[in-house]
Structure formats: structure tokens, C-alpha cells
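The data block below is start.csv; it holds CSV, C-alpha atoms.
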chain,number,residue,atom,x,y,z
A,598,MET,CA,-69.7,-299.4,183.8
A,599,LYS,CA,-70.3,-296.6,181.3
A,600,VAL,CA,-67.7,-296.9,178.6
A,601,LEU,CA,-66.8,-294.7,175.7
A,602,VAL,CA,-65.4,-296.6,172.7
A,603,THR,CA,-64.1,-294.5,169.9
A,604,GLY,CA,-63.8,-296.1,166.5
A,605,ALA,CA,-66.9,-298.1,167.3
A,606,ALA,CA,-67.7,-298.9,163.6
A,607,GLY,CA,-64.1,-300.1,163.1
A,608,PHE,CA,-62.9,-303.7,163.1
A,609,ILE,CA,-61.6,-303.9,166.7
A,610,GLY,CA,-64.1,-301.3,168.1
A,611,PHE,CA,-67.1,-303.2,166.8
A,612,HIS,CA,-66.0,-306.4,168.4
A,613,LEU,CA,-65.1,-304.7,171.7
A,614,CYS,CA,-68.6,-303.0,171.8
A,615,GLN,CA,-70.2,-306.4,171.3
A,616,ARG,CA,-68.2,-307.9,174.2
A,617,LEU,CA,-68.9,-305.0,176.6
A,618,LEU,CA,-72.6,-305.1,175.8
A,619,GLU,CA,-72.7,-308.8,176.3
A,620,ARG,CA,-71.4,-308.4,179.9
A,621,GLY,CA,-73.8,-305.6,180.7
A,622,ASP,CA,-71.8,-302.4,180.3
A,623,GLU,CA,-73.4,-299.3,178.9
A,624,VAL,CA,-71.5,-298.4,175.8
A,625,VAL,CA,-71.4,-295.1,173.9
A,626,GLY,CA,-69.8,-295.6,170.5
A,627,LEU,CA,-68.1,-292.8,168.7
A,628,ASP,CA,-67.2,-292.9,165.0
A,629,ASN,CA,-67.0,-290.4,162.1
A,630,LEU,CA,-67.7,-293.2,159.6
A,631,ASN,CA,-65.1,-291.8,157.2
A,632,ASP,CA,-64.4,-293.4,153.8
A,633,TYR,CA,-60.9,-294.6,154.3
A,634,TYR,CA,-62.4,-298.0,153.4
A,635,ASP,CA,-65.9,-299.3,152.4
A,636,VAL,CA,-68.4,-297.4,154.6
A,637,SER,CA,-71.0,-300.1,154.0
A,638,LEU,CA,-68.9,-302.6,155.9
A,639,LYS,CA,-68.8,-300.1,158.9
A,640,HIS,CA,-72.6,-299.8,158.7
A,641,ALA,CA,-73.0,-303.6,158.5
A,642,ARG,CA,-70.9,-303.9,161.7
A,643,LEU,CA,-73.0,-301.3,163.5
A,644,ALA,CA,-76.2,-303.1,162.4
A,645,GLN,CA,-75.2,-306.0,164.7
A,646,ILE,CA,-75.2,-303.8,167.8
A,647,GLU,CA,-77.1,-300.5,167.2
A,648,ASN,CA,-80.5,-301.8,168.4
A,649,GLN,CA,-79.2,-303.0,171.7
A,650,PRO,CA,-80.7,-300.9,174.6
A,651,ASN,CA,-77.3,-300.2,176.3
A,652,PHE,CA,-75.7,-298.9,173.1
A,653,ARG,CA,-75.8,-295.5,171.6
A,654,LEU,CA,-73.8,-294.2,168.6
A,655,VAL,CA,-72.5,-290.7,168.4
A,656,LYS,CA,-71.3,-289.6,164.9
A,657,MET,CA,-68.5,-287.3,165.5
A,658,ASP,CA,-64.8,-286.7,164.5
A,659,LEU,CA,-62.1,-286.8,167.2
A,660,VAL,CA,-60.8,-283.5,165.9
A,661,ASP,CA,-64.1,-281.7,166.9
A,662,ARG,CA,-62.7,-280.2,170.1
A,663,GLU,CA,-65.8,-278.6,171.4
A,664,GLY,CA,-68.0,-281.6,170.5
A,665,ILE,CA,-65.6,-284.0,172.3
A,666,ALA,CA,-65.5,-281.7,175.3
A,667,ASP,CA,-69.3,-281.5,175.4
A,668,LEU,CA,-69.6,-285.3,175.1
A,669,PHE,CA,-67.4,-285.9,178.1
A,670,ARG,CA,-69.1,-283.2,180.1
A,671,ILE,CA,-72.6,-284.6,179.5
A,672,GLU,CA,-71.9,-288.3,179.8
A,673,SER,CA,-69.5,-288.8,182.7
A,674,PHE,CA,-67.7,-292.0,181.5
A,675,ASP,CA,-66.2,-294.5,183.9
A,676,ARG,CA,-63.8,-295.8,181.3
A,677,VAL,CA,-62.6,-294.8,177.8
A,678,VAL,CA,-61.2,-297.0,175.1
A,679,ASN,CA,-59.7,-294.9,172.2
A,680,LEU,CA,-59.5,-297.0,169.1
A,681,ALA,CA,-60.3,-294.3,166.6
A,682,ALA,CA,-57.3,-293.4,164.5
A,683,GLN,CA,-56.1,-293.0,160.9
A,684,ALA,CA,-54.7,-296.5,160.4
A,685,GLY,CA,-52.3,-297.9,157.8
A,686,VAL,CA,-48.5,-297.7,157.3
A,687,ARG,CA,-48.7,-297.4,153.5
A,688,TYR,CA,-51.5,-294.8,153.4
A,689,SER,CA,-49.3,-292.6,155.7
A,690,LEU,CA,-47.0,-292.1,152.7
A,691,LEU,CA,-49.8,-290.7,150.7
A,692,ASN,CA,-51.8,-288.6,153.2
A,693,PRO,CA,-49.6,-287.7,156.2
A,694,HIS,CA,-51.8,-284.9,157.3
A,695,ALA,CA,-54.7,-287.3,158.1
A,696,TYR,CA,-52.4,-288.9,160.8
A,697,VAL,CA,-51.6,-285.6,162.4
A,698,ASP,CA,-55.3,-284.6,162.5
A,699,SER,CA,-56.8,-287.9,163.9
A,700,ASN,CA,-53.9,-289.5,165.8
A,701,LEU,CA,-52.4,-286.4,167.4
A,702,GLN,CA,-55.0,-283.6,167.5
A,703,GLY,CA,-57.8,-286.2,168.0
A,704,PHE,CA,-56.0,-288.0,170.8
A,705,MET,CA,-55.3,-284.7,172.5
A,706,ASN,CA,-59.0,-284.0,172.7
A,707,ILE,CA,-59.6,-287.5,174.2
A,708,LEU,CA,-56.9,-286.8,176.9
A,709,GLU,CA,-58.4,-283.5,177.8
A,710,GLY,CA,-61.8,-285.0,178.0
A,711,CYS,CA,-60.6,-287.7,180.3
A,712,ARG,CA,-58.7,-285.2,182.5
A,713,HIS,CA,-61.5,-282.8,183.0
A,714,SER,CA,-64.2,-285.5,183.7
A,715,GLN,CA,-62.0,-287.6,185.9
A,716,VAL,CA,-62.2,-290.8,183.9
A,717,GLY,CA,-61.1,-293.8,185.9
A,718,HIS,CA,-59.0,-295.4,183.1
A,719,LEU,CA,-58.0,-294.6,179.5
A,720,VAL,CA,-57.0,-297.5,177.3
A,721,TYR,CA,-55.8,-296.6,173.9
A,722,ALA,CA,-54.6,-298.3,170.7
A,723,SER,CA,-50.9,-298.1,170.0
A,724,SER,CA,-49.3,-300.4,167.4
A,725,SER,CA,-46.5,-302.9,166.8
A,726,SER,CA,-45.3,-300.4,164.2
A,727,VAL,CA,-43.7,-298.3,167.0
A,728,TYR,CA,-40.8,-300.9,167.1
A,729,GLY,CA,-39.6,-299.6,163.8
A,730,ALA,CA,-36.0,-300.2,163.2
A,731,ASN,CA,-35.7,-302.5,166.2
A,732,THR,CA,-34.4,-306.0,165.3
A,733,SER,CA,-34.2,-307.5,168.8
A,734,MET,CA,-36.8,-310.2,168.9
A,735,PRO,CA,-39.3,-310.7,170.4
A,736,PHE,CA,-40.3,-307.0,170.7
A,737,SER,CA,-40.6,-306.0,174.4
A,738,VAL,CA,-42.4,-303.1,176.0
A,739,HIS,CA,-39.2,-302.6,178.0
A,740,ASP,CA,-37.2,-301.8,174.8
A,741,ASN,CA,-36.5,-298.3,173.5
A,742,VAL,CA,-38.7,-297.4,170.5
A,743,ASP,CA,-37.2,-294.2,169.2
A,744,HIS,CA,-36.7,-295.2,165.6
A,745,PRO,CA,-40.1,-295.3,163.8
A,746,LEU,CA,-40.1,-296.1,160.1
A,747,SER,CA,-43.4,-294.4,159.1
A,748,LEU,CA,-45.4,-291.4,160.2
A,749,TYR,CA,-48.2,-293.8,161.3
A,750,ALA,CA,-45.7,-295.4,163.7
A,751,ALA,CA,-44.4,-292.0,164.9
A,752,SER,CA,-48.0,-290.9,165.6
A,753,LYS,CA,-48.6,-294.0,167.8
A,754,LYS,CA,-45.3,-293.4,169.7
A,755,ALA,CA,-46.5,-289.8,170.2
A,756,ASN,CA,-49.7,-291.1,171.7
A,757,GLU,CA,-47.7,-293.1,174.3
A,758,LEU,CA,-45.7,-290.0,175.2
A,759,MET,CA,-48.8,-287.8,175.4
A,760,ALA,CA,-50.5,-290.3,177.6
A,761,HIS,CA,-47.6,-290.5,179.9
A,762,THR,CA,-47.6,-286.7,180.3
A,763,TYR,CA,-51.2,-286.8,181.4
A,764,SER,CA,-50.6,-289.7,183.8
A,765,HIS,CA,-47.8,-287.8,185.3
A,766,LEU,CA,-49.4,-284.4,185.5
A,767,TYR,CA,-53.0,-285.3,186.4
A,768,GLY,CA,-52.8,-288.8,187.8
A,769,LEU,CA,-54.9,-290.1,184.8
A,770,PRO,CA,-54.4,-293.9,184.6
A,771,THR,CA,-53.5,-294.7,181.0
A,772,THR,CA,-52.7,-298.0,179.3
A,773,GLY,CA,-51.3,-298.2,175.7
A,774,LEU,CA,-51.9,-301.5,173.8
A,775,ARG,CA,-49.5,-302.3,171.0
A,776,PHE,CA,-51.6,-304.5,168.7
A,777,PHE,CA,-49.9,-307.0,166.4
A,778,THR,CA,-51.4,-307.6,162.9
A,779,VAL,CA,-55.1,-308.1,163.9
A,780,TYR,CA,-57.2,-310.3,161.7
A,781,GLY,CA,-60.5,-312.2,161.8
A,782,PRO,CA,-64.2,-311.8,160.8
A,783,TRP,CA,-65.4,-308.3,160.0
A,784,GLY,CA,-61.7,-307.4,159.4
A,785,ARG,CA,-60.3,-304.3,157.6
A,786,PRO,CA,-60.3,-304.5,153.8
A,787,ASP,CA,-56.8,-302.9,153.6
A,788,MET,CA,-55.2,-305.7,155.6
A,789,ALA,CA,-53.3,-308.6,153.9
A,790,LEU,CA,-55.7,-311.5,154.7
A,791,PHE,CA,-58.7,-309.5,153.4
A,792,LEU,CA,-56.9,-308.3,150.3
A,793,PHE,CA,-55.6,-311.8,149.5
A,794,THR,CA,-59.0,-313.5,150.0
A,795,ARG,CA,-60.7,-311.0,147.7
A,796,ALA,CA,-58.1,-311.2,145.0
A,797,ILE,CA,-57.9,-315.0,145.0
A,798,LEU,CA,-61.7,-315.4,144.8
A,799,ALA,CA,-61.8,-312.9,141.9
A,800,GLY,CA,-59.0,-314.8,140.0
A,801,GLU,CA,-56.6,-311.9,140.4
A,802,PRO,CA,-52.9,-312.1,141.5
A,803,ILE,CA,-51.9,-311.2,145.0
A,804,ASP,CA,-49.1,-308.7,145.8
A,805,VAL,CA,-46.5,-310.4,148.0
A,806,PHE,CA,-44.0,-307.9,149.4
A,807,ASN,CA,-40.3,-308.4,150.1
A,808,TYR,CA,-40.6,-311.5,147.8
A,809,GLY,CA,-42.5,-313.3,150.6
A,810,GLU,CA,-39.7,-312.9,153.2
A,811,MET,CA,-42.0,-311.5,155.8
A,812,ARG,CA,-43.0,-312.7,159.3
A,813,ARG,CA,-46.0,-311.4,161.2
A,814,ASP,CA,-47.4,-312.1,164.6
A,815,PHE,CA,-50.9,-312.5,163.4
A,816,THR,CA,-53.3,-312.0,166.3
A,817,TYR,CA,-56.9,-313.2,166.2
A,818,ILE,CA,-59.6,-310.6,166.9
A,819,ASP,CA,-61.1,-312.5,169.9
A,820,ASP,CA,-57.7,-312.5,171.6
A,821,ILE,CA,-57.3,-308.8,171.0
A,822,VAL,CA,-60.7,-308.0,172.6
A,823,GLU,CA,-59.9,-310.3,175.6
A,824,GLY,CA,-56.7,-308.4,176.1
A,825,VAL,CA,-58.5,-305.0,175.8
A,826,VAL,CA,-61.2,-305.9,178.3
A,827,ARG,CA,-58.8,-307.3,180.8
A,828,THR,CA,-56.6,-304.3,180.8
A,829,LEU,CA,-59.7,-302.0,180.9
A,830,ASP,CA,-60.7,-303.7,184.1
A,831,HIS,CA,-57.2,-303.3,185.6
A,832,PRO,CA,-56.4,-299.5,185.7
A,833,ALA,CA,-52.8,-298.7,185.3
A,834,THR,CA,-50.8,-298.2,188.5
A,835,SER,CA,-47.4,-296.6,189.2
A,836,ASN,CA,-44.4,-298.8,189.4
A,837,ALA,CA,-42.8,-298.3,192.8
A,838,GLN,CA,-39.5,-299.7,191.6
A,839,TRP,CA,-39.3,-297.4,188.6
A,840,SER,CA,-36.1,-295.4,188.4
A,841,GLY,CA,-35.1,-292.4,186.4
A,842,VAL,CA,-31.5,-293.6,186.4
A,843,THR,CA,-32.5,-296.7,184.4
A,844,PRO,CA,-35.9,-295.8,183.1
A,845,ASP,CA,-38.2,-298.6,182.0
A,846,PRO,CA,-40.2,-297.5,178.9
A,847,GLY,CA,-43.1,-299.9,179.7
A,848,THR,CA,-43.9,-298.6,183.1
A,849,SER,CA,-43.6,-295.4,185.1
A,850,ALA,CA,-43.7,-293.7,188.5
A,851,ALA,CA,-47.0,-292.4,187.2
A,852,PRO,CA,-50.1,-294.6,186.7
A,853,TYR,CA,-49.0,-295.7,183.2
A,854,ARG,CA,-48.6,-299.0,181.4
A,855,LEU,CA,-47.8,-300.3,177.9
A,856,TYR,CA,-48.6,-303.9,176.8
A,857,ASN,CA,-48.0,-305.9,173.6
A,858,ILE,CA,-51.1,-307.9,172.5
A,859,GLY,CA,-49.7,-310.4,170.0
A,860,ASN,CA,-49.9,-314.1,169.4
A,861,ASN,CA,-46.3,-314.5,170.5
A,862,ASN,CA,-45.8,-316.9,167.5
A,863,PRO,CA,-44.8,-315.1,164.2
A,864,VAL,CA,-46.0,-316.8,161.0
A,865,GLU,CA,-44.2,-316.8,157.6
A,866,LEU,CA,-46.2,-314.9,155.1
A,867,MET,CA,-45.9,-317.7,152.6
A,868,TYR,CA,-47.4,-320.1,155.2
A,869,LEU,CA,-50.3,-317.8,155.7
A,870,ILE,CA,-51.0,-317.8,152.0
A,871,GLU,CA,-50.8,-321.7,152.0
A,872,VAL,CA,-53.4,-321.8,154.8
A,873,LEU,CA,-55.6,-319.4,153.0
A,874,GLU,CA,-55.3,-321.3,149.7
A,875,SER,CA,-56.3,-324.5,151.5
A,876,ASN,CA,-59.4,-322.9,153.0
A,877,LEU,CA,-60.4,-321.4,149.7
A,878,GLY,CA,-59.6,-324.4,147.6
A,879,ILE,CA,-57.8,-322.2,145.1
A,880,LYS,CA,-54.2,-321.7,144.3
A,881,ALA,CA,-53.1,-318.0,144.4
A,882,GLU,CA,-51.2,-316.4,141.5
A,883,LYS,CA,-48.4,-314.4,143.3
A,884,ASN,CA,-47.0,-311.1,142.2
A,885,MET,CA,-43.6,-311.0,144.0
A,886,LEU,CA,-42.6,-307.4,144.9
A,887,PRO,CA,-39.8,-305.6,146.9
A,888,MET,CA,-40.3,-304.3,150.4
A,889,GLN,CA,-42.6,-301.3,150.7
A,890,PRO,CA,-41.3,-298.1,152.2
A,891,GLY,CA,-42.1,-297.8,155.9
A,892,ASP,CA,-42.7,-301.6,156.3
A,893,VAL,CA,-40.7,-304.0,158.5
A,894,PRO,CA,-39.7,-307.6,157.6
A,895,SER,CA,-40.8,-309.2,160.9
A,896,THR,CA,-42.9,-308.6,164.0
A,897,TYR,CA,-42.9,-310.8,167.2
A,898,ALA,CA,-44.6,-309.8,170.5
A,899,ASP,CA,-43.2,-310.5,173.9
A,900,VAL,CA,-46.4,-310.6,176.0
A,901,ASP,CA,-44.8,-311.4,179.4
A,902,ALA,CA,-46.0,-308.1,180.9
A,903,LEU,CA,-49.6,-308.6,179.7
A,904,THR,CA,-49.6,-312.2,181.1
A,905,ALA,CA,-48.1,-311.1,184.4
A,906,ASP,CA,-50.4,-308.2,185.0
A,907,VAL,CA,-53.8,-309.4,183.7
A,908,GLY,CA,-53.3,-313.1,183.4
A,909,PHE,CA,-53.9,-313.4,179.6
A,910,LYS,CA,-51.9,-314.6,176.6
A,911,PRO,CA,-53.3,-314.7,173.1
A,912,ALA,CA,-53.1,-318.3,171.6
A,913,THR,CA,-55.5,-318.7,168.7
A,914,PRO,CA,-53.6,-320.7,166.0
A,915,ILE,CA,-53.4,-319.1,162.5
A,916,GLU,CA,-55.1,-322.2,161.0
A,917,VAL,CA,-58.2,-321.7,163.2
A,918,GLY,CA,-58.4,-317.9,162.7
A,919,VAL,CA,-58.0,-318.1,158.9
A,920,GLU,CA,-60.8,-320.7,158.7
A,921,ARG,CA,-63.1,-318.5,160.7
A,922,PHE,CA,-62.3,-315.5,158.6
A,923,VAL,CA,-62.9,-317.3,155.3
A,924,GLY,CA,-66.2,-318.7,156.6
A,925,TRP,CA,-67.3,-315.1,157.5
A,926,TYR,CA,-66.1,-313.7,154.2
A,927,ARG,CA,-67.9,-316.2,152.1
A,928,CYS,CA,-71.1,-315.7,154.0
A,929,PHE,CA,-71.0,-311.9,154.1
A,930,TYR,CA,-70.1,-311.4,150.5
A,931,GLN,CA,-72.0,-314.5,149.3
A,932,VAL,CA,-69.1,-316.0,147.4
Could you quickly redo this structure as C-alpha cells?
Amino acid sequence: MKVLVTGAAGFIGFHLCQRLLERGDEVVGLDNLNDYYDVSLKHARLAQIENQPNFRLVKMDLVDREGIADLFRIESFDRVVNLAAQAGVRYSLLNPHAYVDSNLQGFMNILEGCRHSQVGHLVYASSSSVYGANTSMPFSVHDNVDHPLSLYAASKKANELMAHTYSHLYGLPTTGLRFFTVYGPWGRPDMALFLFTRAILAGEPIDVFNYGEMRRDFTYIDDIVEGVVRTLDHPATSNAQWSGVTPDPGTSAAPYRLYNIGNNNPVELMYLIEVLESNLGIKAEKNMLPMQPGDVPSTYADVDALTADVGFKPATPIEVGVERFVGWYRCFYQV
């Protein structure tokens, strides 16, 4: 297939491009290579794939309405995976307009491109952050998610609503994937595991929020990519049993689906730190801090819908994933 992957220089986007190229797909990667984090890491990721004959990088911002429209008109994509977004809960407190530009206006341009060029399936990144104030565990795609706690979460919930509108009005198959705390080699420098590793190796204290009383459904990158590829290959369909009397948020009478992709096994933050310390051979100095605004104490994914529809359930243990990440980090940064 010919697949557009937006955010191709990003953590998940890079790994997805690798996987699609390995199986023989033609991949057009789109990225604006912004400086939200170290651009050299983005270039290093791209260096792993940019010389492959079936890959082409387009440097463009999602908010470039005419540029995106032209790209869709020229290329005729079979499938689209939209991973480009302004990420980060905490950063949304500092620069909220970036989330409106990329996550709302940019996503609108992707939807319009898919609609006008009759793309066969749009898969897009949502987030576990949409569960917000929900406390019923594990989080299910069949639960209501109308109480986000950050603008980032609200923008991802908005993506799901926008996608449903296009599925309903234009018959565009759309699948939203709620990712749960993704980690692994080539990861994002603003994520906890990366931040902890860098600080511990530098002999600096690590910031531990909510005094360590946090649980996260850490999900290894290979499991995330497997889930994306499987859903990409299974275009969303309508749910014949869907009822407006008792509406199911995870499905629709339109060709629309939502899935959680999480490890289905939340890990205590302090245990993650213990595993990291063991792999580094260094004890961390901990700076215990209160909960950050917009954050949540726990995440835990119900992946029954994903398993039932595409036959996959993430299962990489945290001990295995952290060891692989530390090995990559030491090699890449020569420490």
C-alpha cells in the first residue's frame, strides 16, 4: 500500500515507518521537524530510513492547508496514519495555542485530505489522557470521556469527535488509538524514563511527582507499532448493533472505532525507578514533589476491544522494555 505517516521523525512515527517499509509498503513521511525537543534526535531517527527506496520525506507543517491539500491530491494515498501532534500534558499549560494549531487545525486538514482523495482508512493517535477525571479502572473505550484535565487531553478528545463526524458524513473509515505511556529505544526526551535515565547518569536528582504515588500502563514501542499496523489493515466498520438510545462511545453506526493500546498491566512509578536503577547500576537521588496540574495518578488500559477485533494484546514486560531502552540509550549517547 501507499501510506502517509505524519510525524514520521517522531518516536512512534519513525518506528512505524520502519515496520511498514520492512513489509514492502511505500511510505511518505511528513514532519515539520520542530524544536519541541532535540531536533538532532529526530534527524538521527530519519537517518535510519531515509535512504530506503520506498521512503520519501516531506517537510511540511500540518497547519499548511494548501500544502496538505496538494499533497493528498498528488499522491493518492491508500491509507493514512496521523501521528503528528503537539504532545505533552505539562507543556499544554505553557503553550496552549500550539495544541490548537497542530492538534485541531492540523487534524482538520488531514480529515479534509482524506475525504477529498477517498482514502481507504485513517488511523490517528489519540491518548490515554482523554480519560481525565475517570477513576473506573481499567479504562474502557466504552466509557464516557467528557472530563479532560488538560488542553492536550481535550484536543485528543476533539480529534475523536471530528473523526466521527467525517465517518458519519462522508463514510470515511476512521480508527482512533488511545496510546498508554509509550516507551522504548529512540523515545521522547520529555518522557519520564528518558528524563530519569539522563539525570541518573549525570548524577542529578530525578523529579518524582505525587510523591511516587503514580501508576502507569507503560507500553513498549514494538507493541504500539504492532497495534497500529493491525488496525491499519482492518478498516473501521459500522456497528450494526449500535443504538442512539444507549450510545456506545467506542463504536458507531458510522465506520468508526476507538481502541486502547496499553500493556493492560499498570506499574508503580517507584518500581519503574527500581528497574531502571538496576539496569544502570546506579541509585537515584529522588526529589519528591506534589502532583502536577493536568496529570492523573493512574492509567490502566482495557484492551478487550483491540484483542477482539484485530487479535492483538500488548505484553512486553517492563523489565524487558527498560533493559532494551537503557541499552539503546548507552549506545546512542555513548555513556
Next item on the list: List the neighbours of A:Arg712 out to 10 Å using only C-alpha atoms; skip same-chain residues closer than 2 positions along the sequence, and give me the result as number ranges by chain.
Entry: A: 669, 706-710, 714-717, 719, 763-764, 766-770
How close does stretch 885-927 of chain A get to stretch 828-848 of chain A? List, as JSON lines, each residue of stretch 885-927 of chain A within 12 Å, its nearest atom pair and the distance in Å to one decimal, counting all atoms listed in the file.
{"residue": "A:Val900", "atom": "CA", "partner": "A:Gly847", "partner_atom": "CA", "distance": 11.8}
{"residue": "A:Asp901", "atom": "CA", "partner": "A:Gly847", "partner_atom": "CA", "distance": 11.6}
{"residue": "A:Ala902", "atom": "CA", "partner": "A:Gly847", "partner_atom": "CA", "distance": 8.8}
{"residue": "A:Leu903", "atom": "CA", "partner": "A:Thr828", "partner_atom": "CA", "distance": 8.3}
{"residue": "A:Thr904", "atom": "CA", "partner": "A:Thr828", "partner_atom": "CA", "distance": 10.6}
{"residue": "A:Ala905", "atom": "CA", "partner": "A:Thr828", "partner_atom": "CA", "distance": 11.5}
{"residue": "A:Asp906", "atom": "CA", "partner": "A:His831", "partner_atom": "CA", "distance": 8.4}
{"residue": "A:Val907", "atom": "CA", "partner": "A:Thr828", "partner_atom": "CA", "distance": 6.5}
{"residue": "A:Gly908", "atom": "CA", "partner": "A:Thr828", "partner_atom": "CA", "distance": 9.8}
{"residue": "A:Phe909", "atom": "CA", "partner": "A:Thr828", "partner_atom": "CA", "distance": 9.6}
Dump as CSV the rows for residues of stretch 811-842 of chain A within 12 Å of stretch 604-611 of chain A: closest atom pair and distance in Å with one decimal, all atoms listed in the file counted, ordered by chain and rising residue number.
residue,atom,partner,partner_atom,distance
A:Thr816,CA,A:Ile609,CA,11.6
A:Tyr817,CA,A:Ile609,CA,10.4
A:Ile818,CA,A:Ile609,CA,7.0
A:Asp819,CA,A:Ile609,CA,9.2
A:Asp820,CA,A:Ile609,CA,10.6
A:Ile821,CA,A:Ile609,CA,7.8
A:Val822,CA,A:Ile609,CA,7.2
A:Glu823,CA,A:Ile609,CA,11.1
A:Gly824,CA,A:Ile609,CA,11.5
A:Val825,CA,A:Ile609,CA,9.7
A:Val826,CA,A:Gly610,CA,11.6
Using C-alpha atoms, can you write the selected residues to a file as a short mmCIF file (atom, residue, chain, number, x, y, z; two decimals), in the coordinates of the input?
data_model
loop_
_atom_site.label_atom_id
_atom_site.label_comp_id
_atom_site.auth_asym_id
_atom_site.auth_seq_id
_atom_site.Cartn_x
_atom_site.Cartn_y
_atom_site.Cartn_z
CA THR A 816 -53.30 -312.00 166.30
CA TYR A 817 -56.90 -313.20 166.20
CA ILE A 818 -59.60 -310.60 166.90
CA ASP A 819 -61.10 -312.50 169.90
CA ASP A 820 -57.70 -312.50 171.60
CA ILE A 821 -57.30 -308.80 171.00
CA VAL A 822 -60.70 -308.00 172.60
CA GLU A 823 -59.90 -310.30 175.60
CA GLY A 824 -56.70 -308.40 176.10
CA VAL A 825 -58.50 -305.00 175.80
CA VAL A 826 -61.20 -305.90 178.30
#
Notebook entry, point to check: Hey, which of A:Leu798, A:Val636, A:Val919, A:Val720 ends up closest to A:Glu871? Count all atoms listed in the file.
Noted result: A:Val919
Notebook entry, point to check: What is the distance between atom CA of A:Asp787 and atom CA of A:Tyr633, in Å to one decimal?
Noted result: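 Atom CA of A:Tyr633 lies 9.3 Å from atom CA of A:Asp787.
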Check: stretch 731-746 of chain A: which residues within 6 Å, counting only C-alpha atoms, same-chain residues fewer than 4 positions away excluded, as a list in words?
Finding: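 Contacts, with the query itself left out: Val727, Ala750, Ala751, Asp845, Pro846, Gly847, Gly891, Tyr897, Ala898 and Asp899 of chain A.
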Check: atom CA of A:Pro894 and atom CA of A:Asn807 are how many Å apart?
Finding: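 So the answer is 7.6 Å.
Rounded to one decimal, atom CA of A:Gln931 and atom CA of A:Pro802 lie 20.8 Å from each other.
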Please return as a PDB file with C-alpha atoms, keeping the file's coordinate frame every residue within 12 Å of (-54.0, -310.0, 150.0), taking into account all atoms listed in the file and the file's own coordinates.
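Written output follows (out-v3.pdb):
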ATOM      1  CA  ARG A 785     -60.300-304.300 157.600  1.00  0.00           C
ATOM      2  CA  PRO A 786     -60.300-304.500 153.800  1.00  0.00           C
ATOM      3  CA  ASP A 787     -56.800-302.900 153.600  1.00  0.00           C
ATOM      4  CA  MET A 788     -55.200-305.700 155.600  1.00  0.00           C
ATOM      5  CA  ALA A 789     -53.300-308.600 153.900  1.00  0.00           C
ATOM      6  CA  LEU A 790     -55.700-311.500 154.700  1.00  0.00           C
ATOM      7  CA  PHE A 791     -58.700-309.500 153.400  1.00  0.00           C
ATOM      8  CA  LEU A 792     -56.900-308.300 150.300  1.00  0.00           C
ATOM      9  CA  PHE A 793     -55.600-311.800 149.500  1.00  0.00           C
ATOM     10  CA  THR A 794     -59.000-313.500 150.000  1.00  0.00           C
ATOM     11  CA  ARG A 795     -60.700-311.000 147.700  1.00  0.00           C
ATOM     12  CA  ALA A 796     -58.100-311.200 145.000  1.00  0.00           C
ATOM     13  CA  ILE A 797     -57.900-315.000 145.000  1.00  0.00           C
ATOM     14  CA  LEU A 798     -61.700-315.400 144.800  1.00  0.00           C
ATOM     15  CA  ALA A 799     -61.800-312.900 141.900  1.00  0.00           C
ATOM     16  CA  GLU A 801     -56.600-311.900 140.400  1.00  0.00           C
ATOM     17  CA  PRO A 802     -52.900-312.100 141.500  1.00  0.00           C
ATOM     18  CA  ILE A 803     -51.900-311.200 145.000  1.00  0.00           C
ATOM     19  CA  ASP A 804     -49.100-308.700 145.800  1.00  0.00           C
ATOM     20  CA  VAL A 805     -46.500-310.400 148.000  1.00  0.00           C
ATOM     21  CA  PHE A 806     -44.000-307.900 149.400  1.00  0.00           C
ATOM     22  CA  GLY A 809     -42.500-313.300 150.600  1.00  0.00           C
ATOM     23  CA  LEU A 866     -46.200-314.900 155.100  1.00  0.00           C
ATOM     24  CA  MET A 867     -45.900-317.700 152.600  1.00  0.00           C
ATOM     25  CA  LEU A 869     -50.300-317.800 155.700  1.00  0.00           C
ATOM     26  CA  ILE A 870     -51.000-317.800 152.000  1.00  0.00           C
ATOM     27  CA  LEU A 873     -55.600-319.400 153.000  1.00  0.00           C
ATOM     28  CA  GLU A 874     -55.300-321.300 149.700  1.00  0.00           C
ATOM     29  CA  ALA A 881     -53.100-318.000 144.400  1.00  0.00           C
ATOM     30  CA  GLU A 882     -51.200-316.400 141.500  1.00  0.00           C
ATOM     31  CA  LYS A 883     -48.400-314.400 143.300  1.00  0.00           C
ATOM     32  CA  ASN A 884     -47.000-311.100 142.200  1.00  0.00           C
TER      33      ASN A 884
END
Note to self: Which residue is closest to A:His713? Choose from A:Leu613, A:Cys928, A:Ala851, A:Ile665 and count all atoms listed in the file.
What the structure shows: A:Ile665
Notebook entry, point to check: Which of these residues is nearest to A:Leu668, using only C-alpha atoms: A:Met705, A:Leu748, A:Leu601, A:Leu758?
Noted result: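 Using only C-alpha atoms, A:Leu668 sits closest to A:Leu601.
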Margin query: From the options A:Ser689, A:Ser699, A:Thr772, A:Asn651, which residue's atoms come nearest to A:Tyr749, counting all atoms listed in the file?
Written below: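 Smallest separation from A:Tyr749 among the options: A:Ser689.
Take the candidates A:Pro890, A:Pro852, A:Pro650, A:Pro863 and check each one against A:Ser747 using all atoms listed in the file; the shortest distance goes to A:Pro890.
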Margin query: Can you tell me which residues surround stretch 614-631 of chain A at a distance of at most 7 Å, considering all atoms listed in the file, apart from same-chain residues fewer than 6 positions away, and format the answer as a ChimeraX atom specification?
Written below: /A:598-606,646,651-658
